[in-house]
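A.B. asks: Sharing coords_5.cif, mmCIF, C-alpha atoms:
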data_my_file
#
loop_
_atom_site.label_atom_id
_atom_site.label_comp_id
_atom_site.auth_asym_id
_atom_site.auth_seq_id
_atom_site.Cartn_x
_atom_site.Cartn_y
_atom_site.Cartn_z
CA MET A 1 73.28 -19.81 -58.55
CA ILE A 2 73.07 -17.36 -55.65
CA ALA A 3 75.94 -15.51 -53.91
CA LYS A 4 78.54 -16.15 -56.58
CA ARG A 5 79.51 -12.55 -55.87
CA PRO A 6 78.89 -10.48 -52.73
CA PRO A 7 75.11 -10.01 -52.35
CA MET A 8 73.78 -6.45 -52.51
CA GLY A 9 70.59 -4.82 -51.32
CA TRP A 10 68.84 -2.73 -48.66
CA ASN A 11 67.91 -3.59 -45.06
CA SER A 12 65.33 -1.88 -42.86
CA TRP A 13 67.06 -2.15 -39.47
CA ASN A 14 69.66 0.64 -39.41
CA THR A 15 67.18 3.43 -40.06
CA PHE A 16 63.75 2.12 -39.13
CA GLY A 17 64.17 -0.57 -36.45
CA LYS A 18 60.68 -1.60 -35.33
CA ASP A 19 58.98 1.13 -37.37
CA ILE A 20 58.38 -0.90 -40.51
CA ASN A 21 55.26 -1.55 -42.57
CA GLU A 22 54.20 -2.58 -46.05
CA THR A 23 53.84 1.02 -47.28
CA LEU A 24 57.49 1.67 -46.41
CA VAL A 25 58.54 -1.55 -48.15
CA PHE A 26 56.62 -0.59 -51.29
CA GLU A 27 58.13 2.91 -51.31
CA ILE A 28 61.68 1.55 -50.90
CA ALA A 29 61.08 -1.05 -53.62
CA ASP A 30 59.91 1.64 -56.02
CA ILE A 31 62.92 3.84 -55.26
CA MET A 32 65.37 0.97 -55.65
CA VAL A 33 64.08 0.51 -59.18
CA LYS A 34 63.44 4.11 -60.23
CA GLU A 35 66.60 5.57 -58.73
CA GLY A 36 68.93 3.01 -60.30
CA TYR A 37 69.89 0.89 -57.28
CA LEU A 38 68.58 -2.35 -58.79
CA GLU A 39 70.37 -1.64 -62.06
CA LYS A 40 73.63 -1.27 -60.10
CA GLY A 41 73.13 -4.65 -58.42
CA TYR A 42 71.21 -3.88 -55.21
CA GLU A 43 68.63 -6.62 -55.69
CA TYR A 44 67.56 -7.72 -52.17
CA LEU A 45 65.06 -5.77 -50.06
CA VAL A 46 65.32 -7.18 -46.53
CA ILE A 47 62.69 -6.73 -43.80
CA ASP A 48 64.53 -7.03 -40.49
CA ASP A 49 63.23 -7.73 -36.95
CA CYS A 50 59.79 -6.65 -35.60
CA TRP A 51 57.64 -7.72 -38.56
CA ALA A 52 55.65 -10.37 -36.66
CA LEU A 53 53.14 -10.58 -33.85
CA LYS A 54 54.46 -11.43 -30.38
CA GLU A 55 52.81 -14.88 -30.47
CA ARG A 56 52.53 -17.66 -33.04
CA ASP A 57 49.05 -18.69 -34.24
CA ALA A 58 47.14 -21.81 -33.15
CA GLU A 59 48.94 -23.90 -35.78
CA GLY A 60 52.34 -22.68 -34.54
CA ASN A 61 53.03 -20.38 -37.48
CA LEU A 62 54.68 -16.99 -37.36
CA VAL A 63 52.15 -14.25 -38.10
CA PRO A 64 52.95 -10.93 -39.81
CA ASP A 65 51.70 -8.02 -37.69
CA PRO A 66 48.35 -7.11 -39.33
CA GLU A 67 48.75 -3.44 -38.44
CA LYS A 68 52.13 -3.28 -40.20
CA PHE A 69 51.42 -5.77 -42.98
CA PRO A 70 47.63 -5.90 -43.38
CA HIS A 71 47.77 -7.80 -46.67
CA GLY A 72 50.18 -10.45 -45.40
CA MET A 73 53.75 -11.24 -46.35
CA LYS A 74 52.93 -13.10 -49.58
CA TYR A 75 51.28 -9.93 -50.90
CA VAL A 76 54.37 -7.90 -49.94
CA ALA A 77 56.69 -10.43 -51.56
CA ASP A 78 54.63 -10.37 -54.75
CA TYR A 79 54.90 -6.56 -54.91
CA VAL A 80 58.67 -6.70 -54.43
CA HIS A 81 59.04 -9.44 -57.04
CA ASN A 82 56.88 -7.55 -59.54
CA ALA A 83 59.24 -4.61 -59.14
CA GLY A 84 62.09 -6.90 -60.25
CA LEU A 85 63.63 -7.24 -56.78
CA LYS A 86 64.12 -10.11 -54.34
CA ILE A 87 62.75 -10.05 -50.81
CA GLY A 88 64.37 -10.97 -47.52
CA ILE A 89 63.04 -11.54 -44.02
CA TYR A 90 64.45 -11.93 -40.52
CA SER A 91 64.44 -14.62 -37.88
CA CYS A 92 66.77 -15.82 -35.16
CA ALA A 93 68.44 -18.99 -33.94
CA GLY A 94 67.37 -18.29 -30.36
CA ILE A 95 64.11 -18.62 -28.43
CA LEU A 96 63.16 -15.01 -29.20
CA THR A 97 64.50 -12.49 -31.69
CA CYS A 98 66.69 -9.62 -30.53
CA ALA A 99 63.60 -7.40 -30.17
CA GLY A 100 61.64 -10.08 -28.32
CA TYR A 101 59.50 -11.59 -31.09
CA PRO A 102 58.93 -15.34 -31.75
CA SER A 103 62.01 -16.98 -33.19
CA SER A 104 62.96 -20.16 -34.98
CA TYR A 105 64.65 -22.30 -32.33
CA ASP A 106 62.99 -25.74 -32.63
CA HIS A 107 60.82 -24.34 -35.44
CA GLU A 108 63.43 -24.36 -38.22
CA TYR A 109 61.69 -26.60 -40.74
CA GLU A 110 58.18 -25.22 -40.29
CA ASP A 111 59.44 -21.62 -40.49
CA ALA A 112 61.52 -22.36 -43.57
CA ARG A 113 58.45 -23.88 -45.26
CA LEU A 114 56.41 -20.81 -44.34
CA PHE A 115 59.04 -18.42 -45.70
CA ALA A 116 59.23 -20.38 -48.94
CA SER A 117 55.43 -20.34 -49.29
CA TRP A 118 55.53 -16.54 -49.10
CA GLY A 119 58.19 -16.37 -51.79
CA ILE A 120 61.06 -15.29 -49.55
CA ASP A 121 64.48 -15.16 -51.26
CA PHE A 122 66.76 -14.25 -48.32
CA LEU A 123 66.85 -15.08 -44.61
CA LYS A 124 68.82 -13.04 -42.10
CA TYR A 125 69.30 -15.37 -39.13
CA ASP A 126 70.36 -13.69 -35.88
CA PHE A 127 71.68 -15.07 -32.57
CA CYS A 128 69.86 -13.41 -29.66
CA ASN A 129 68.35 -15.34 -26.74
CA PHE A 130 70.18 -18.52 -27.70
CA PRO A 131 69.90 -21.30 -25.06
CA GLN A 132 73.12 -21.79 -23.13
CA ASN A 133 72.97 -25.58 -23.45
CA ALA A 134 72.33 -25.54 -27.22
CA ASP A 135 74.97 -26.05 -29.92
CA CYS A 136 75.47 -23.05 -32.16
CA LYS A 137 76.94 -24.91 -35.14
CA THR A 138 74.21 -27.53 -35.15
CA ARG A 139 71.43 -24.96 -35.01
CA TYR A 140 72.79 -22.94 -37.93
CA LEU A 141 73.28 -26.17 -39.88
CA THR A 142 69.68 -27.15 -39.06
CA MET A 143 68.27 -23.93 -40.50
CA SER A 144 70.54 -24.23 -43.54
CA MET A 145 69.20 -27.71 -44.22
CA ALA A 146 65.63 -26.58 -43.54
CA LEU A 147 65.95 -23.88 -46.20
CA LYS A 148 67.34 -26.40 -48.67
CA ALA A 149 64.49 -28.81 -47.90
CA THR A 150 62.00 -26.24 -49.23
CA GLY A 151 63.39 -26.62 -52.74
CA ARG A 152 63.48 -22.84 -53.08
CA GLU A 153 66.69 -20.84 -53.54
CA ILE A 154 66.87 -18.81 -50.32
CA LEU A 155 70.06 -16.96 -49.51
CA PHE A 156 71.13 -17.85 -45.97
CA SER A 157 72.58 -14.84 -44.15
CA ALA A 158 73.90 -16.23 -40.87
CA CYS A 159 74.43 -13.61 -38.18
CA ASN A 160 76.01 -15.21 -35.11
CA TRP A 161 78.49 -12.38 -34.38
CA GLY A 162 81.58 -14.59 -34.68
CA ARG A 163 80.68 -17.05 -31.93
CA GLU A 164 82.46 -20.42 -32.08
CA GLU A 165 84.91 -18.91 -34.62
CA SER A 166 82.20 -18.89 -37.25
CA TRP A 167 84.61 -17.99 -40.08
CA SER A 168 86.02 -21.50 -39.79
CA TRP A 169 82.73 -23.39 -40.41
CA MET A 170 80.03 -21.16 -41.94
CA ARG A 171 80.93 -22.12 -45.51
CA SER A 172 80.74 -25.83 -44.73
CA ILE A 173 77.24 -25.62 -43.21
CA GLY A 174 75.85 -23.87 -46.28
CA ALA A 175 75.71 -20.18 -45.30
CA HIS A 176 75.99 -17.74 -48.20
CA MET A 177 77.12 -14.84 -46.01
CA TYR A 178 77.88 -14.61 -42.31
CA ARG A 179 78.29 -11.88 -39.72
CA SER A 180 81.23 -12.32 -37.39
CA THR A 181 81.03 -9.03 -35.47
CA GLY A 182 78.58 -7.19 -33.27
CA ASP A 183 76.20 -4.61 -34.71
CA ILE A 184 77.38 -1.54 -36.55
CA PHE A 185 76.46 1.94 -35.29
CA ASP A 186 76.44 5.18 -37.23
CA ASN A 187 79.79 6.54 -36.13
CA TYR A 188 83.38 6.35 -37.31
CA ARG A 189 84.82 4.28 -34.48
CA SER A 190 82.14 1.60 -34.85
CA PHE A 191 82.82 0.79 -38.49
CA ILE A 192 86.60 1.05 -38.05
CA ASN A 193 86.51 -1.38 -35.12
CA ILE A 194 84.43 -3.80 -37.19
CA PHE A 195 86.83 -3.61 -40.10
CA GLN A 196 89.92 -4.06 -37.94
CA SER A 197 88.43 -7.02 -36.10
CA GLN A 198 88.12 -8.86 -39.41
CA VAL A 199 91.48 -8.14 -41.06
CA GLU A 200 92.81 -11.56 -40.00
CA HIS A 201 89.67 -13.30 -41.27
CA LEU A 202 89.21 -11.67 -44.66
CA CYS A 203 90.78 -14.67 -46.36
CA GLN A 204 87.87 -16.80 -45.06
CA SER A 205 85.53 -15.16 -47.54
CA GLY A 206 84.87 -15.88 -51.18
CA PRO A 207 82.34 -16.93 -53.80
CA TYR A 208 79.18 -18.52 -52.34
CA CYS A 209 80.11 -17.64 -48.71
CA PHE A 210 81.11 -14.08 -47.80
CA ASN A 211 82.28 -12.54 -44.55
CA ASP A 212 79.64 -9.87 -43.87
CA LEU A 213 80.87 -6.69 -42.14
CA ASP A 214 77.25 -5.63 -41.45
CA MET A 215 74.90 -3.19 -43.14
CA LEU A 216 76.26 0.14 -44.33
CA THR A 217 75.49 3.33 -42.43
CA VAL A 218 76.54 5.51 -45.38
CA GLY A 219 74.22 8.49 -45.74
CA MET A 220 72.40 8.14 -42.42
CA TYR A 221 73.96 11.15 -40.67
CA ASN A 222 72.68 9.84 -37.32
CA GLN A 223 69.06 9.73 -38.45
CA GLY A 224 67.71 6.36 -37.45
CA ASN A 225 67.81 3.31 -35.27
CA VAL A 226 71.62 2.94 -34.96
CA ALA A 227 72.38 6.63 -34.38
CA VAL A 228 74.97 6.59 -31.60
CA GLY A 229 77.82 8.99 -30.99
CA LYS A 230 79.22 11.62 -33.32
CA PRO A 231 77.82 11.50 -36.89
CA CYS A 232 80.16 10.49 -39.70
CA THR A 233 81.46 13.04 -42.17
CA GLU A 234 81.25 12.59 -45.92
CA ASN A 235 84.93 11.56 -45.93
CA GLU A 236 84.28 8.94 -43.25
CA TYR A 237 81.34 7.54 -45.19
CA ARG A 238 83.61 7.32 -48.24
CA MET A 239 86.14 5.44 -46.12
CA GLN A 240 83.46 3.02 -44.91
CA PHE A 241 82.08 2.31 -48.37
CA THR A 242 85.48 1.85 -50.01
CA LEU A 243 86.62 -0.47 -47.21
CA TRP A 244 83.51 -2.63 -47.70
CA CYS A 245 84.15 -2.68 -51.47
CA LEU A 246 87.86 -3.40 -51.04
CA VAL A 247 87.09 -6.33 -48.74
CA GLY A 248 84.48 -7.69 -51.13
CA THR A 249 81.83 -7.93 -48.43
CA PRO A 250 78.07 -7.90 -49.06
CA LEU A 251 76.74 -4.37 -49.59
CA PHE A 252 73.43 -3.70 -47.83
CA ILE A 253 72.39 -0.07 -47.61
CA GLY A 254 70.91 0.96 -44.25
CA ALA A 255 69.99 4.58 -45.03
CA ASP A 256 66.55 5.89 -45.93
CA LEU A 257 66.69 5.86 -49.73
CA ARG A 258 63.82 8.35 -49.86
CA SER A 259 65.97 11.14 -48.43
CA ILE A 260 69.63 10.18 -48.93
CA CYS A 261 71.78 13.07 -50.12
CA PRO A 262 72.69 13.01 -53.85
CA LYS A 263 76.46 12.85 -53.24
CA LEU A 264 76.21 9.71 -51.16
CA LYS A 265 73.64 8.17 -53.47
CA ASP A 266 76.17 8.66 -56.28
CA MET A 267 78.88 7.04 -54.18
CA LEU A 268 76.71 4.01 -53.39
CA GLN A 269 76.16 3.63 -57.13
CA ASN A 270 79.76 4.40 -58.15
CA LYS A 271 80.55 1.98 -60.98
CA ALA A 272 84.29 1.88 -60.33
CA LEU A 273 83.84 1.04 -56.64
CA LEU A 274 81.12 -1.54 -57.23
CA GLU A 275 83.34 -3.28 -59.79
CA ILE A 276 85.95 -3.70 -57.04
CA ASP A 277 83.43 -5.23 -54.64
CA GLN A 278 81.89 -7.42 -57.34
CA ASP A 279 85.13 -8.62 -58.95
CA GLU A 280 84.63 -12.23 -60.01
CA GLU A 281 87.71 -13.54 -58.18
CA SER A 282 86.51 -12.07 -54.85
CA ARG A 283 90.00 -11.96 -53.40
CA PRO A 284 90.48 -10.18 -50.07
CA PRO A 285 92.92 -7.27 -49.89
CA TYR A 286 96.50 -7.84 -48.76
CA LEU A 287 97.83 -5.50 -46.08
CA VAL A 288 101.00 -4.11 -47.63
CA SER A 289 102.01 -1.79 -44.80
CA LYS A 290 100.84 -0.02 -41.68
CA ARG A 291 102.33 2.83 -39.74
CA SER A 292 101.18 3.66 -36.24
CA VAL A 293 100.12 7.16 -35.32
CA HIS A 294 98.89 8.02 -31.84
CA VAL A 295 95.18 8.85 -31.77
CA PRO A 296 93.89 10.58 -28.63
CA VAL A 297 90.48 9.48 -27.40
CA SER A 298 88.18 12.33 -26.41
CA ASP A 299 85.95 12.30 -23.33
CA GLU A 300 82.93 12.36 -25.65
CA GLU A 301 84.11 9.23 -27.48
CA ARG A 302 84.63 7.44 -24.16
CA LYS A 303 81.08 8.25 -23.07
CA THR A 304 79.40 7.22 -26.32
CA ALA A 305 81.45 4.14 -27.22
CA ILE A 306 79.36 0.98 -27.54
CA GLU A 307 82.35 -1.34 -27.38
CA PRO A 308 85.50 -0.84 -25.30
CA LEU A 309 87.69 1.67 -27.13
CA LYS A 310 90.71 0.16 -28.76
CA ARG A 311 93.96 1.71 -29.88
CA ILE A 312 93.94 1.18 -33.61
CA GLY A 313 97.40 -0.05 -34.52
CA GLY A 314 98.60 1.06 -37.93
CA GLN A 315 96.77 4.31 -38.46
CA LEU A 316 98.19 4.70 -41.97
CA LEU A 317 97.27 1.61 -43.98
CA THR A 318 98.15 0.49 -47.50
CA PHE A 319 96.39 -2.43 -49.20
CA LEU A 320 96.85 -4.34 -52.43
CA LYS A 321 93.79 -6.04 -53.89
CA ILE A 322 94.30 -8.43 -56.80
CA LEU A 323 91.47 -8.25 -59.34
CA SER A 324 90.63 -10.38 -62.34
CA ASP A 325 91.96 -9.50 -65.82
CA PHE A 326 95.47 -8.76 -64.51
CA GLU A 327 94.42 -5.61 -62.67
CA PHE A 328 94.98 -4.46 -59.11
CA VAL A 329 93.93 -1.84 -56.58
CA ILE A 330 96.36 0.07 -54.38
CA ALA A 331 94.41 1.66 -51.52
CA TYR A 332 95.58 4.15 -48.88
CA TYR A 333 93.68 4.79 -45.64
CA ASN A 334 94.42 7.51 -43.12
CA LEU A 335 92.75 6.63 -39.83
CA HIS A 336 94.31 9.67 -38.15
CA THR A 337 92.45 12.97 -37.83
CA ASP A 338 95.21 15.02 -39.52
CA GLU A 339 96.46 14.83 -43.10
CA HIS A 340 99.40 12.48 -43.63
CA GLU A 341 101.56 11.29 -46.49
CA ILE A 342 101.39 7.53 -47.01
CA LEU A 343 104.12 5.57 -48.79
CA CYS A 344 103.66 2.31 -50.70
CA SER A 345 106.89 0.48 -51.44
CA PHE A 346 106.16 -1.67 -54.47
CA ALA A 347 108.63 -4.27 -53.18
CA ASP A 348 106.22 -4.84 -50.29
CA ALA A 349 103.47 -5.34 -52.88
CA GLY A 350 105.48 -8.02 -54.75
CA ILE A 351 106.81 -5.69 -57.48
CA PRO A 352 110.42 -4.81 -56.54
CA LEU A 353 112.39 -2.45 -58.77
CA ALA A 354 114.49 -5.39 -59.97
CA SER A 355 111.37 -6.97 -61.48
CA GLY A 356 111.47 -4.43 -64.28
CA TYR A 357 107.77 -3.64 -63.82
CA GLY A 358 105.85 -0.61 -62.65
CA LEU A 359 102.18 0.23 -62.31
CA SER A 360 99.99 2.34 -64.53
CA MET A 361 97.79 4.00 -61.90
CA THR A 362 94.33 5.52 -62.32
CA ASP A 363 92.60 7.42 -59.51
CA VAL A 364 89.36 5.54 -58.79
CA PHE A 365 87.53 8.68 -57.66
CA THR A 366 88.57 11.12 -60.41
CA GLY A 367 89.35 8.75 -63.27
CA GLU A 368 92.70 10.51 -63.80
CA ASN A 369 95.57 8.32 -64.98
CA ILE A 370 98.74 9.50 -63.25
CA GLY A 371 101.02 7.52 -65.55
CA VAL A 372 103.41 4.65 -64.89
CA VAL A 373 105.00 4.56 -61.44
CA ASN A 374 107.77 2.22 -60.35
CA ASP A 375 109.64 1.39 -57.14
CA TYR A 376 107.27 3.30 -54.85
CA HIS A 377 104.29 5.63 -54.73
CA LYS A 378 103.36 8.14 -52.06
CA VAL A 379 100.26 10.23 -51.69
CA SER A 380 98.87 12.74 -49.21
CA VAL A 381 95.59 11.68 -47.61
CA THR A 382 93.37 13.93 -45.51
CA GLY A 383 92.27 12.78 -42.06
CA HIS A 384 89.70 9.97 -41.91
CA ASP A 385 89.82 9.56 -45.67
CA CYS A 386 91.29 7.38 -48.39
CA ARG A 387 92.75 7.29 -51.89
CA LEU A 388 92.32 4.34 -54.28
CA TYR A 389 94.10 3.60 -57.54
CA ARG A 390 93.24 0.97 -60.11
CA CYS A 391 96.47 -0.38 -61.58
CA LYS A 392 97.94 -2.44 -64.38
CA MET A 393 101.46 -3.86 -64.48
CA VAL A 394 103.68 -2.30 -67.16
CA LYS A 395 107.14 -3.39 -68.28
CA ILE A 396 109.64 -0.61 -67.74
CA ASP A 397 112.06 0.00 -70.60
CA ALA A 398 115.66 -0.63 -69.64
#
Spell out the structure here as structure tokens.
C.D. replies:
Amino acid sequence: MIAKRPPMGWNSWNTFGKDINETLVFEIADIMVKEGYLEKGYEYLVIDDCWALKERDAEGNLVPDPEKFPHGMKYVADYVHNAGLKIGIYSCAGILTCAGYPSSYDHEYEDARLFASWGIDFLKYDFCNFPQNADCKTRYLTMSMALKATGREILFSACNWGREESWSWMRSIGAHMYRSTGDIFDNYRSFINIFQSQVEHLCQSGPYCFNDLDMLTVGMYNQGNVAVGKPCTENEYRMQFTLWCLVGTPLFIGADLRSICPKLKDMLQNKALLEIDQDEESRPPYLVSKRSVHVPVSDEERKTAIEPLKRIGGQLLTFLKILSDFEFVIAYYNLHTDEHEILCSFADAGIPLASGYGLSMTDVFTGENIGVVNDYHKVSVTGHDCRLYRCKMVKIDA
């Protein structure tokens, strides 16, 4: 059964864009195994756009670019499978892909059969160049059914950017994960805007169909295809990764695993954080409190912004995430540039003082247990950073 928990893997687009080939895929596959990514749950290796020739063959089939993939896609899939991984590929619901390659509009069933014959395990299905008179829901349903008609388990990653309020119907048409935002870029404001745009829709995510906040940029440091604006700091990458884990969204690394810095590699493989993302109940976090702090927008940010800049309401955020086995996470996020103290009133988290319960709190990053806290907890958080605590409810002696 696929996608019982948020899928995990690596995707070529964020770093490499069109510059992909079978040698790169083999190198990434080897690293995913040797460097422990597969063991931690990163099982899908996804080849994004630009893998095909610009024209279909005489029989109407998509053709892997022979310069990039000289042995064909079945050969590549076999290599990835022999490494113990699963392989993903890219297509699009429109006439052409986002980069202008042949796409699957009116070719859904033949393309699905072709992908299955290669041994594909995952399809990322984008939304560029979609005909104005076509029906978005019907076309995503058509590809979903085409994949099922192959008889092969292929994870359907639907990427329609939130058109037609996709969070309200993607589960019912058979998608296993779905994008409901525009593309992520390797800067702080991009991933924060994506996260904030989905706060109201996090509850429309769960086992077998997950709201996908897009591939991670953790560890890229503006080296690659989505390098736009000011590079993220280590703290900002920690914020991004913990937000994705807290939400329980799919985790797809976008950095070059061959050169990622050791600190961020360790974070991507952090057992405590991955357990939060992969918790079997897959519950979204509950926003306990937010406090607004004015954030000035620099001239540089205005020039480099991909989307219109937004004032981020609630710069100091506190979340409660309910886990299985009677455990919880209290998470604090400081979206301001300066250090601030953030307060969590336990009454706002459903544990008022009159309940007679407190929380035994353990710092997720350090592993330090700070003891049993009741009524409230406050912590100082540096700018563009976060603090997370794994908690258990404890009866307080009268």
A.B. asks: As an exercise, work out the distance from CA of Arg238 in chain A to CA of Leu264 in chain A in Å and give it to one decimal place.
C.D. replies: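 Between these atoms lies a distance of 8.3 Å.
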A.B. asks: Determine, counting only C-alpha atoms, every residue of protein, DNA or RNA that lies within 12 Å of (81.4, 3.3, -58.0) in the file coordinates, then give the result as a PyMOL selection string.
C.D. replies: chain A and resi 37+40-41+238+241-242+245-246+263-278+364-367+388
A.B. asks: Determine the nearest neighbour of Glu281 in chain A from the options A:Phe130, A:Phe328, A:Tyr333, A:Tyr42, counting only C-alpha atoms.
C.D. replies: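 Closest residue, counting only C-alpha atoms: A:Phe328.
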A.B. asks: Would you write out, as a PyMOL selection string, every residue that the PyMOL selection byres ((chain A and resi 391) around 9) captures in this file?
C.D. replies: chain A and resi 326-330+359-363+389-390+392-393
A.B. asks: Applying 8 Å and all atoms listed in the file, which residues near Phe185 in chain A remain after dropping the ones on its own chain fewer than 6 positions away? List them as a short mmCIF file (atom, residue, chain, number, x, y, z; two decimals) with C-alpha atoms, keeping the file's coordinate frame.
C.D. replies:
data_model
loop_
_atom_site.label_atom_id
_atom_site.label_comp_id
_atom_site.auth_asym_id
_atom_site.auth_seq_id
_atom_site.Cartn_x
_atom_site.Cartn_y
_atom_site.Cartn_z
CA PHE A 191 82.82 0.79 -38.49
CA THR A 217 75.49 3.33 -42.43
CA VAL A 226 71.62 2.94 -34.96
CA ALA A 227 72.38 6.63 -34.38
CA VAL A 228 74.97 6.59 -31.60
#
A.B. asks: Which one is closest to Ile396 in chain A: A:Gly219, A:Pro66, A:Gly356, A:Gly371? Count all atoms listed in the file.
C.D. replies: A:Gly356
A.B. asks: To test the calculation: enclose all listed atoms of range 135-147 of chain A in a box whose edges run along x, y and z, add 3 Å on each side, then state centre and edge lengths in Å to one decimal, as JSON.
C.D. replies:
{"center_x": 71.3, "center_y": -25.3, "center_z": -38.1, "size_x": 17.3, "size_y": 10.8, "size_z": 22.3}
A.B. asks: How far is it from CA of Ile89 in chain A to CA of Ile260 in chain A, in Å with one decimal?
C.D. replies: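 Separation between CA of Ile89 in chain A and CA of Ile260 in chain A: 23.2 Å.
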A.B. asks: Please write as an mmCIF file with C-alpha atoms, keeping the file's coordinate frame the full residue list that the PyMOL selection byres ((chain A and resi 350) around 12) yields on this file.
C.D. replies:
data_model
loop_
_atom_site.group_PDB
_atom_site.id
_atom_site.type_symbol
_atom_site.label_atom_id
_atom_site.label_comp_id
_atom_site.auth_asym_id
_atom_site.auth_seq_id
_atom_site.Cartn_x
_atom_site.Cartn_y
_atom_site.Cartn_z
ATOM 1 C CA TYR A 286 96.500 -7.840 -48.760
ATOM 2 C CA LEU A 287 97.830 -5.500 -46.080
ATOM 3 C CA VAL A 288 101.000 -4.110 -47.630
ATOM 4 C CA LEU A 320 96.850 -4.340 -52.430
ATOM 5 C CA LYS A 321 93.790 -6.040 -53.890
ATOM 6 C CA ILE A 322 94.300 -8.430 -56.800
ATOM 7 C CA PHE A 328 94.980 -4.460 -59.110
ATOM 8 C CA CYS A 344 103.660 2.310 -50.700
ATOM 9 C CA SER A 345 106.890 0.480 -51.440
ATOM 10 C CA PHE A 346 106.160 -1.670 -54.470
ATOM 11 C CA ALA A 347 108.630 -4.270 -53.180
ATOM 12 C CA ASP A 348 106.220 -4.840 -50.290
ATOM 13 C CA ALA A 349 103.470 -5.340 -52.880
ATOM 14 C CA ILE A 351 106.810 -5.690 -57.480
ATOM 15 C CA PRO A 352 110.420 -4.810 -56.540
ATOM 16 C CA LEU A 353 112.390 -2.450 -58.770
ATOM 17 C CA ALA A 354 114.490 -5.390 -59.970
ATOM 18 C CA SER A 355 111.370 -6.970 -61.480
ATOM 19 C CA GLY A 356 111.470 -4.430 -64.280
ATOM 20 C CA TYR A 357 107.770 -3.640 -63.820
ATOM 21 C CA GLY A 358 105.850 -0.610 -62.650
ATOM 22 C CA LEU A 359 102.180 0.230 -62.310
ATOM 23 C CA ASN A 374 107.770 2.220 -60.350
ATOM 24 C CA ASP A 375 109.640 1.390 -57.140
ATOM 25 C CA TYR A 376 107.270 3.300 -54.850
ATOM 26 C CA MET A 393 101.460 -3.860 -64.480
#
A.B. asks: Would you work out the distance separating CA of Cys136 in chain A from CA of Asp186 in chain A, expressed in Å to one decimal?
C.D. replies: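 Taking CA of Cys136 in chain A as the start and CA of Asp186 in chain A as the end point, the length is 28.7 Å.
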A.B. asks: Restricting the calculation to only C-alpha atoms, which member of A:Met220, A:Leu38, A:Ala158, A:Leu45 is positioned closest to Ala93 in chain A?
C.D. replies: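 Smallest distance to Ala93 in chain A is found for A:Ala158.
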A.B. asks: Out of A:Cys50, A:Val293, A:Leu141, A:Ala255, which residue has the shortest atom-to-atom distance to Asn21 in chain A when counting all atoms listed in the file?
C.D. replies: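 Checking each of A:Cys50, A:Val293, A:Leu141, A:Ala255 against Asn21 in chain A, counting all atoms listed in the file, the winner is A:Cys50.
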A.B. asks: Using the chain letters and numbers from this file, what does the PyMOL selection byres ((chain A and resi 207-214) around 8) select? Give the answer as a PyMOL selection string.
C.D. replies: chain A and resi 2-6+167+170-171+174-181+183-184+194-195+202+204-206+215-216+244+248-250+252+281-282
A.B. asks: Using only C-alpha atoms, can you tell me which of A:Ile192, A:Cys92, A:Leu251, A:Cys128 comes closest to Glu43 in chain A?
C.D. replies: A:Leu251
A.B. asks: Find the spatial neighbours of Ala149 in chain A, counting all atoms listed in the file, within a cut-off of 9 Å - ignore same-chain residues fewer than 3 positions away - and output them as a ChimeraX atom specification.
C.D. replies: /A:109,112-113,144-146,152
A.B. asks: Write the selection just made, keeping C-alpha atoms, as a PDB file, keeping the file's coordinate frame?
C.D. replies:
ATOM      1  CA  TYR A 109      61.690 -26.600 -40.740  1.00  0.00           C
ATOM      2  CA  ALA A 112      61.520 -22.360 -43.570  1.00  0.00           C
ATOM      3  CA  ARG A 113      58.450 -23.880 -45.260  1.00  0.00           C
ATOM      4  CA  SER A 144      70.540 -24.230 -43.540  1.00  0.00           C
ATOM      5  CA  MET A 145      69.200 -27.710 -44.220  1.00  0.00           C
ATOM      6  CA  ALA A 146      65.630 -26.580 -43.540  1.00  0.00           C
ATOM      7  CA  ARG A 152      63.480 -22.840 -53.080  1.00  0.00           C
TER       8      ARG A 152
END
A.B. asks: Between A:Asn133, A:Gly254, A:Ser289, A:Met239, which is the closest to Asn334 in chain A once you count all atoms listed in the file?
C.D. replies: A:Met239
A.B. asks: I need every residue sitting at most 10 Å from the point (102.3, 9.9, -48.5) (coordinates as in the file, all atoms listed in the file considered), written as a PyMOL selection string.
C.D. replies: chain A and resi 316+332+334+339-344+377-381
